[in-house]
Amino acid sequence: MQPTSASKGRIVLVHLYPREMSIYGDLGNTRCLAARIRRHGYECVVHDHHPGMPFPQDAHLLMGGGGQDSGQSRVEDDLAVIGDRLRGLATDGTPMVMICGMYQMFGHAFITSEGVELPGLGILDVTTRGQSTRMIGGIVLDTEWGEVVGFENHSGATVLGPDQAPFGRVRVGHGNNGQDHTEGARTDNVIGSYLHGPVLPANPAVADALITAAAERATGRAFEPGPIDDSLADEARTRQIARLRARGTGKLKDTAVH
Ligand code: GLN
């Protein structure tokens, strides 16, 4: 299907498992990316990928959200079916943003706090083990796109491989494991992160970094940004960061792990 003549090009945005893996508002990342792609003057086709469905022919940008251990178990078989395609897309430089549960499954494995091992795709060199305490609260990172703010709620403690770069450095909150001050992981155009919120609306620089890579892959031309006023997003992020810095780090909470 050719893009309409008015648009700068057509971008296919694939949301992985929106029914099982979109807790804590992560569907908002897909809505934010689609809205920004259109405001930049491109056509955006959103493809929801559900377990058992064929993976789309074109995929220029992928988003995956968080999920409870049970939700992750429900998608692991399908993830194995499409795993080679996802690894190929990642190697080719397709931008991807994987949040929390999907971040964990883009690593080597997620071993739940009950000892169930969910195999991962190995796209990111990380391994995650569920803990009896959950890491919950607001979180502020330093990243290459400046300060990034979000919300985290995970039992999984993630350890980076020796050469795996993080997505950011924790300034407030827990991050990957509450110990090494890293948060998330990034390899080429693939970002994994624990930040819910959804993370992208309040951090438009990260959204546009993903869109830039997607537009260039979809059109074969340099990205042509459109005029977007991010003053409201910038105000929201600034206020969230100020409040979290004033309050200090998030607290470990002993809660039943679901
Ligand atoms: N179930 C996983 C954990 O508890 C992921 C949670 C999430 O996606 N918010 O760590």
# chains A, B, ... in the order shown; residues from 1 in each chain; ligands from 1
$ residues_near_ligand --ligand "ligand 1" --cutoff "6 Å" --atoms "only C-alpha atoms and all ligand atoms" --output "VMD selection string"
chain A and resid 66 to 69 100 to 101 153 to 156
$ write_last_selection --atoms "N, CA and C atoms" --output "CSV table (one decimal), in the first residue's frame"
chain,number,residue,atom,x,y,z
A,66,GLY,N,4.6,-3.5,29.5
A,66,GLY,CA,4.8,-4.4,30.7
A,66,GLY,C,3.6,-5.3,30.9
A,67,GLY,N,3.9,-6.3,31.8
A,67,GLY,CA,2.9,-7.3,32.1
A,67,GLY,C,3.2,-8.1,33.3
A,68,GLN,N,2.2,-8.6,33.9
A,68,GLN,CA,2.4,-9.5,35.1
A,68,GLN,C,3.1,-10.8,34.7
A,69,ASP,N,3.6,-11.5,35.6
A,69,ASP,CA,4.3,-12.7,35.3
A,69,ASP,C,3.4,-13.6,34.5
A,100,CYS,N,9.6,-2.9,30.6
A,100,CYS,CA,9.4,-3.7,31.8
A,100,CYS,C,9.3,-5.2,31.4
A,101,GLY,N,8.1,-5.8,31.4
A,101,GLY,CA,8.0,-7.2,31.1
A,101,GLY,C,8.5,-7.6,29.7
A,153,ASN,N,7.5,-0.4,38.5
A,153,ASN,CA,6.9,-1.4,39.4
A,153,ASN,C,7.3,-2.8,38.9
A,154,HIS,N,8.3,-3.4,39.4
A,154,HIS,CA,8.8,-4.7,39.0
A,154,HIS,C,9.4,-5.5,40.1
A,155,SER,N,9.2,-6.8,40.0
A,155,SER,CA,9.9,-7.7,41.0
A,155,SER,C,11.3,-8.1,40.4
A,156,GLY,N,11.4,-8.0,39.1
A,156,GLY,CA,12.6,-8.5,38.4
A,156,GLY,C,13.8,-7.5,38.7
$ select_by_dssp --residues "stretch 1-235 of chain A" --states "alpha helix (DSSP H)" --output "ChimeraX atom specification"
/A:27-39,69-91,101-105,199-202,204-219,231-235
$ residues_around --residues "A:Gly41" --least-positions-apart "4" --cutoff "12 Å" --atoms "only C-alpha atoms" --output "MDAnalysis selection string"
chainID A and resid 3:11 34:37 211 215 223:228
$ select_by_dssp --residues "stretch 47-194 of chain A" --states "strand (DSSP E)" --output "number ranges by chain"
A: 47-49, 61-64, 96-99, 109-111, 117-119, 126-143, 146-160, 168-172, 182-183, 185-187, 190-193
$ closest_residue --among "A:Leu27, A:Ala157, A:Ala214, A:Ile99" --to "A:Ser132" --atoms "only C-alpha atoms"
A:Ala157
$ residues_around --residues "A:Trp145" --least-positions-apart "3" --cutoff "9 Å" --atoms "only C-alpha atoms" --output "PyMOL selection string"
chain A and resi 142+148+203+205-206+209
$ residues_around --residues "A:Gly65" --least-positions-apart "2" --cutoff "6 Å" --atoms "only C-alpha atoms" --output "list in words"
Met21, Ser22, Asp26, Ile99 and Met102 of chain A
$ atom_distance --atom1 "atom CA of A:Gly93" --atom2 "atom CA of A:Asp230"
26.8 Å
$ atom_distance --atom1 "atom CA of A:Asp125" --atom2 "atom CA of A:Val46"
28.2 Å
$ atom_distance --atom1 "atom CA of A:Leu89" --atom2 "atom CA of A:Ala59"
8.2 Å
$ residues_around --residues "A:Gln164" --least-positions-apart "6" --cutoff "8 Å" --atoms "only C-alpha atoms" --output "list in words"
Leu124, Asp125, Val126, Ala185, Arg186 and Thr187 of chain A
